[in-house]
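Colleague: CSV, C-alpha atoms, file target-v3.csv:
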```csv
chain,number,residue,atom,x,y,z
A,1,MET,CA,0.0,0.0,0.0
A,2,ILE,CA,1.0,3.6,-0.5
A,3,ASN,CA,1.6,5.1,3.0
A,4,ASP,CA,2.9,8.5,2.1
A,5,TRP,CA,0.6,10.0,-0.6
A,6,ASP,CA,2.3,13.4,-0.5
A,7,THR,CA,5.6,11.9,-1.4
A,8,PHE,CA,4.0,9.7,-4.1
A,9,LEU,CA,2.1,12.6,-5.7
A,10,TRP,CA,4.8,15.3,-5.6
A,11,PRO,CA,6.5,14.2,-8.8
A,12,TYR,CA,3.1,14.3,-10.6
A,13,SER,CA,2.5,17.8,-9.3
A,14,GLU,CA,5.9,18.9,-10.6
A,15,ALA,CA,5.2,17.3,-14.0
A,16,VAL,CA,1.9,19.2,-14.2
A,17,ASN,CA,3.5,22.5,-13.3
A,18,GLU,CA,6.3,22.0,-15.8
A,19,LEU,CA,4.1,21.0,-18.6
A,20,LYS,CA,1.7,24.0,-18.0
A,21,VAL,CA,4.7,26.4,-18.1
A,22,LYS,CA,6.1,24.8,-21.3
A,23,LEU,CA,2.7,24.7,-23.1
A,24,ARG,CA,1.9,28.3,-22.1
A,25,ALA,CA,5.3,29.3,-23.4
A,26,LEU,CA,4.5,27.6,-26.7
A,27,ARG,CA,1.3,29.6,-26.9
A,28,GLN,CA,3.2,32.8,-26.2
A,29,SER,CA,5.8,32.0,-28.9
A,30,PHE,CA,3.0,32.1,-31.5
A,31,LEU,CA,1.6,35.3,-30.2
A,32,THR,CA,5.0,37.0,-30.0
A,33,THR,CA,5.5,36.5,-33.8
A,34,GLY,CA,2.0,37.6,-34.6
A,35,GLU,CA,0.8,34.2,-35.5
A,36,HIS,CA,-2.5,32.5,-34.6
A,37,SER,CA,-1.9,30.2,-31.6
A,38,PRO,CA,-3.5,26.8,-31.8
A,39,ILE,CA,-3.5,26.8,-28.0
A,40,GLU,CA,-6.1,29.1,-26.3
A,41,PHE,CA,-5.3,28.2,-22.7
A,42,VAL,CA,-3.9,25.4,-20.6
A,43,VAL,CA,-5.0,24.0,-17.2
A,44,GLY,CA,-3.8,21.0,-15.2
A,45,ARG,CA,-4.4,19.0,-12.1
A,46,VAL,CA,-3.2,16.1,-10.0
A,47,LYS,CA,-5.8,13.4,-9.2
A,48,THR,CA,-7.0,13.5,-5.6
A,49,VAL,CA,-6.2,10.7,-3.3
A,50,ASP,CA,-9.9,9.8,-2.9
A,51,SER,CA,-10.3,9.8,-6.7
A,52,ILE,CA,-7.2,7.5,-7.1
A,53,LYS,CA,-8.5,5.1,-4.5
A,54,GLU,CA,-11.9,5.0,-6.1
A,55,LYS,CA,-10.4,4.2,-9.5
A,56,MET,CA,-8.1,1.6,-8.0
A,57,GLN,CA,-11.1,-0.2,-6.6
A,58,ARG,CA,-13.3,0.2,-9.6
A,59,ARG,CA,-10.6,-0.9,-12.1
A,60,VAL,CA,-9.0,-3.4,-9.7
A,61,ILE,CA,-5.6,-1.7,-9.9
A,62,SER,CA,-3.0,-2.9,-7.3
A,63,PRO,CA,-0.6,-0.4,-5.8
A,64,ASP,CA,2.5,-2.0,-7.3
A,65,VAL,CA,1.3,-1.2,-10.9
A,66,ILE,CA,-0.5,2.1,-10.2
A,67,GLU,CA,2.2,4.1,-12.0
A,68,THR,CA,1.8,2.2,-15.2
A,69,ASP,CA,-1.9,1.3,-15.1
A,70,MET,CA,-3.3,4.6,-14.0
A,71,GLN,CA,-2.4,7.0,-16.8
A,72,ASP,CA,-4.2,10.1,-15.6
A,73,ILE,CA,-2.8,10.8,-12.2
A,74,ALA,CA,-1.3,13.9,-13.8
A,75,GLY,CA,-3.7,15.6,-16.2
A,76,ILE,CA,-3.3,18.5,-18.6
A,77,ARG,CA,-6.1,20.0,-20.6
A,78,ILE,CA,-5.4,22.2,-23.6
A,79,MET,CA,-8.2,24.3,-25.0
A,80,CYS,CA,-8.3,25.3,-28.7
A,81,GLN,CA,-10.5,27.7,-30.7
A,82,PHE,CA,-10.9,25.4,-33.8
A,83,VAL,CA,-10.9,21.7,-34.5
A,84,ASP,CA,-8.0,22.1,-36.8
A,85,ASP,CA,-6.0,23.6,-33.9
A,86,ILE,CA,-6.4,20.4,-32.0
A,87,TYR,CA,-4.6,18.4,-34.7
A,88,ARG,CA,-1.9,21.1,-34.9
A,89,VAL,CA,-1.3,20.7,-31.2
A,90,VAL,CA,-1.1,17.0,-31.6
A,91,ASP,CA,1.6,17.4,-34.2
A,92,LEU,CA,3.5,19.9,-32.0
A,93,LEU,CA,3.4,17.4,-29.1
A,94,HIS,CA,4.7,14.6,-31.3
A,95,ALA,CA,7.6,16.8,-32.4
A,96,ARG,CA,8.7,17.6,-28.8
A,97,GLU,CA,11.9,16.0,-27.5
A,98,ASP,CA,11.0,16.5,-23.8
A,99,LEU,CA,8.2,14.0,-23.8
A,100,GLU,CA,7.2,10.8,-25.6
A,101,VAL,CA,3.7,10.0,-26.8
A,102,VAL,CA,2.9,6.5,-25.7
A,103,GLU,CA,-0.8,6.3,-26.5
A,104,GLU,CA,-3.5,8.4,-28.2
A,105,ARG,CA,-7.2,8.2,-28.7
A,106,ASP,CA,-9.2,10.4,-31.1
A,107,TYR,CA,-12.7,10.9,-29.7
A,108,ILE,CA,-13.3,13.7,-32.2
A,109,LYS,CA,-13.5,11.6,-35.3
A,110,ASN,CA,-14.8,8.7,-33.2
A,111,ALA,CA,-17.1,10.2,-30.6
A,112,LYS,CA,-18.1,8.2,-27.6
A,113,PRO,CA,-21.7,6.9,-27.5
A,114,SER,CA,-22.6,9.7,-25.1
A,115,GLY,CA,-21.5,12.3,-27.6
A,116,TYR,CA,-18.2,13.1,-25.8
A,117,ARG,CA,-15.5,14.5,-28.1
A,118,SER,CA,-11.9,15.2,-27.2
A,119,TYR,CA,-8.4,14.1,-28.3
A,120,HIS,CA,-6.5,12.2,-25.6
A,121,MET,CA,-2.8,11.6,-25.4
A,122,VAL,CA,-0.8,9.7,-22.8
A,123,VAL,CA,2.8,11.0,-22.6
A,124,ALA,CA,5.8,9.9,-20.8
A,125,TYR,CA,7.5,12.8,-19.1
A,126,THR,CA,10.7,13.0,-17.0
A,127,VAL,CA,11.0,15.1,-13.8
A,128,TYR,CA,14.2,15.5,-11.9
A,129,LEU,CA,14.2,14.9,-8.2
A,130,PRO,CA,16.9,15.1,-5.6
A,131,GLU,CA,17.4,11.4,-5.8
A,132,GLY,CA,17.5,11.4,-9.6
A,133,SER,CA,15.2,11.4,-12.6
A,134,LYS,CA,11.7,9.9,-12.6
A,135,ARG,CA,9.8,9.0,-15.8
A,136,LEU,CA,6.0,9.1,-15.3
A,137,LEU,CA,2.8,9.1,-17.3
A,138,ALA,CA,0.5,12.1,-17.8
A,139,GLU,CA,-2.7,12.4,-19.8
A,140,ILE,CA,-3.2,15.4,-22.1
A,141,GLN,CA,-6.8,16.1,-23.3
A,142,ILE,CA,-7.1,18.5,-26.2
A,143,ARG,CA,-10.5,20.1,-26.9
A,144,THR,CA,-12.3,23.1,-28.4
A,145,LEU,CA,-14.0,25.5,-26.0
A,146,ALA,CA,-17.4,24.1,-27.1
A,147,MET,CA,-16.3,20.5,-26.5
A,148,ASN,CA,-15.0,21.5,-23.1
A,149,PHE,CA,-18.3,23.2,-22.1
A,150,TRP,CA,-20.3,20.1,-23.0
A,151,ALA,CA,-17.8,17.7,-21.2
A,152,THR,CA,-17.9,19.9,-18.1
A,153,VAL,CA,-21.7,19.7,-17.9
A,154,GLU,CA,-21.7,16.0,-18.6
A,155,HIS,CA,-19.1,15.4,-15.9
A,156,THR,CA,-21.3,17.4,-13.4
A,157,LEU,CA,-24.4,15.3,-14.3
A,158,ASN,CA,-22.4,12.1,-13.9
A,159,TYR,CA,-22.0,12.9,-10.2
A,160,LYS,CA,-25.8,12.8,-9.9
A,161,TYR,CA,-26.5,9.8,-12.1
A,162,GLN,CA,-23.3,7.8,-11.8
A,163,GLY,CA,-23.3,7.2,-15.6
A,164,GLU,CA,-26.8,5.7,-15.5
A,165,TYR,CA,-28.6,8.6,-17.2
A,166,PRO,CA,-32.4,8.6,-17.7
A,167,GLU,CA,-33.2,8.1,-21.4
A,168,ASP,CA,-34.4,11.6,-21.9
A,169,ILE,CA,-31.3,13.1,-20.3
A,170,SER,CA,-29.1,10.8,-22.4
A,171,GLU,CA,-30.8,11.8,-25.6
A,172,ARG,CA,-30.5,15.5,-24.7
A,173,LEU,CA,-26.8,15.1,-24.0
A,174,LYS,CA,-26.3,13.5,-27.4
A,175,ARG,CA,-28.2,16.3,-29.2
A,176,THR,CA,-26.3,19.0,-27.3
A,177,ALA,CA,-23.0,17.2,-28.1
A,178,GLU,CA,-23.9,17.3,-31.8
A,179,ALA,CA,-25.0,20.9,-31.5
A,180,ALA,CA,-21.6,21.8,-30.0
A,181,TYR,CA,-19.8,20.0,-32.8
A,182,GLN,CA,-21.9,21.8,-35.4
A,183,LEU,CA,-20.8,25.1,-33.7
A,184,ASP,CA,-17.2,24.0,-34.0
A,185,GLU,CA,-17.8,23.2,-37.7
A,186,GLU,CA,-19.3,26.6,-38.4
A,187,MET,CA,-16.5,28.4,-36.6
A,188,SER,CA,-14.0,26.4,-38.6
A,189,SER,CA,-15.6,27.6,-41.8
A,190,ILE,CA,-14.8,31.2,-40.8
A,191,ARG,CA,-11.5,30.6,-39.1
A,192,ASN,CA,-9.4,32.5,-41.6
A,193,GLU,CA,-11.5,35.6,-41.0
A,194,VAL,CA,-11.2,35.1,-37.2
A,195,LYS,CA,-7.4,34.6,-37.4
A,196,GLU,CA,-7.1,37.8,-39.6
A,197,ALA,CA,-9.2,39.7,-37.1
A,198,GLN,CA,-7.0,38.5,-34.2
A,199,LYS,CA,-3.9,39.5,-36.0
A,200,ILE,CA,-5.2,43.0,-36.6
A,201,PHE,CA,-6.2,43.3,-33.0
A,202,THR,CA,-2.8,42.1,-31.8
A,203,GLN,CA,-1.0,44.6,-34.0
A,204,ASN,CA,-3.2,47.5,-32.9
A,205,LYS,CA,-2.8,46.6,-29.3
A,206,GLY,CA,1.0,46.6,-29.8
A,207,LYS,CA,0.8,50.1,-31.3
A,208,GLU,CA,-1.2,51.4,-28.3
A,209,LYS,CA,1.7,50.6,-26.1
A,210,LEU,CA,4.1,52.7,-28.1
```
For the structure just supplied, provide its representation as structure tokens.
Modeller:
Amino acid sequence: MINDWDTFLWPYSEAVNELKVKLRALRQSFLTTGEHSPIEFVVGRVKTVDSIKEKMQRRVISPDVIETDMQDIAGIRIMCQFVDDIYRVVDLLHAREDLEVVEERDYIKNAKPSGYRSYHMVVAYTVYLPEGSKRLLAEIQIRTLAMNFWATVEHTLNYKYQGEYPEDISERLKRTAEAAYQLDEEMSSIRNEVKEAQKIFTQNKGKEKL
């Protein structure tokens, strides 16, 4: 059993903090050169002890394999404006030398039955501790803002229904998921105009500081 959870989780907390800093720096590098950033914003979290214990029980995960079998102890979420941005971010992550993509699941092209859409990547990332380096797994979810809004609502409802939704709620969730995706499709159709407007706005904002 894991007796000292603070010690166990500290490397994951460090990984989340480092990845947030690096991904936010990546976003800023696009903005600094006046380009459209495929990253809108980045958040992260470390799974709570109660959540870890619940998942260990539900998935029958023993403590000796928790670091390999539970891939989302460290979690990063990247929000994008457009669906195309998601795949740009995926390519950028594949190109990085400071992490290794070990697994990925495209729930955008292959939505879950509930309507859930997102792009999931499991990466191996190395943190450096006083006793040496430690390679651990982190899950990165990449979504549009519309996908994230839907997923947040669905996640909240799941606390009430524990995944066993009444039929009418289930159908409504599917319809709203499709509506959210249609919004993404419409926004993608005018993305060039949006990107141009953002570029003009950034240039004008820079002039105001002079």
Colleague: Go through range 139-178 of chain A residue by residue and, counting all atoms listed in the file, keep those with an atom at most 7 Å from range 64-81 of chain A; for each kept residue give the shortest atom pair and its distance in Å to one decimal, ordered by chain and increasing number, as a tab-separated table.
Modeller:
```
residue	atom	partner	partner_atom	distance
A:Glu139	CA	A:Gly75	CA	4.9
A:Ile140	CA	A:Ile76	CA	4.7
A:Gln141	CA	A:Arg77	CA	4.8
A:Ile142	CA	A:Ile78	CA	4.8
A:Arg143	CA	A:Met79	CA	5.2
A:Thr144	CA	A:Cys80	CA	4.6
A:Leu145	CA	A:Met79	CA	6.0
```
Colleague: May I ask which of the residues A:Ile52, A:Ala138, A:Ile86, A:Ala151 is the closest one to Lys109 in chain A, counting only C-alpha atoms?
Modeller: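 Among the listed residues, the smallest separation from Lys109 in chain A belongs to A:Ile86.
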Colleague: Taking 5 positions as the minimum chain separation for residues in the same chain, which residues sit within 12 Å of Ile169 in chain A when counting all atoms listed in the file? Answer as a PDB file with C-alpha atoms, in the frame of the given file.
Modeller:
```
ATOM      1  CA  SER A 114     -22.600   9.700 -25.100  1.00  0.00           C
ATOM      2  CA  VAL A 153     -21.700  19.700 -17.900  1.00  0.00           C
ATOM      3  CA  GLU A 154     -21.700  16.000 -18.600  1.00  0.00           C
ATOM      4  CA  LEU A 157     -24.400  15.300 -14.300  1.00  0.00           C
ATOM      5  CA  ASN A 158     -22.400  12.100 -13.900  1.00  0.00           C
ATOM      6  CA  LYS A 160     -25.800  12.800  -9.900  1.00  0.00           C
ATOM      7  CA  TYR A 161     -26.500   9.800 -12.100  1.00  0.00           C
ATOM      8  CA  GLY A 163     -23.300   7.200 -15.600  1.00  0.00           C
ATOM      9  CA  GLU A 164     -26.800   5.700 -15.500  1.00  0.00           C
ATOM     10  CA  LYS A 174     -26.300  13.500 -27.400  1.00  0.00           C
ATOM     11  CA  ARG A 175     -28.200  16.300 -29.200  1.00  0.00           C
ATOM     12  CA  THR A 176     -26.300  19.000 -27.300  1.00  0.00           C
TER      13      THR A 176
END
```
Colleague: Near Met121 in chain A, counting all atoms listed in the file, which residues have an atom at most 8 Å away, once you skip same-chain residues fewer than 2 positions from it, shown as a PyMOL selection string?
Modeller: chain A and resi 101-105+119+123+139-141
Colleague: Calculate how many Å separate CA of Leu99 in chain A from CA of Thr126 in chain A, rounding to one decimal.
Modeller: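 Taking CA of Leu99 in chain A and CA of Thr126 in chain A, their separation equals 7.3 Å.
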Colleague: Separation of CA of Gln28 in chain A and CA of Val90 in chain A, in Å?
Modeller: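 Interatomic distance here is 17.2 Å.
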Colleague: When you count all atoms listed in the file, which of these residues is closest to Ser118 in chain A: A:Lys22, A:Thr32, A:Lys55, A:Trp150?
Modeller: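 Distance minimum relative to Ser118 in chain A lands on A:Trp150.
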Colleague: Grab the CA of Leu137 in chain A to CA of Ala124 in chain A distance for me, in Å with one decimal place.
Modeller: 4.7 Å
Colleague: Find, counting all atoms listed in the file, the residue in A:Ala15, A:Ser29, A:Pro166, A:Ala177 that gets nearest to Ser133 in chain A.
Modeller: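 Checking each of A:Ala15, A:Ser29, A:Pro166, A:Ala177 against Ser133 in chain A, counting all atoms listed in the file, the winner is A:Ala15.
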Colleague: Which one of A:Asp168, A:Glu131, A:Asp184, A:Arg96 sits closest to Phe149 in chain A if you count all atoms listed in the file?
Modeller: A:Asp184
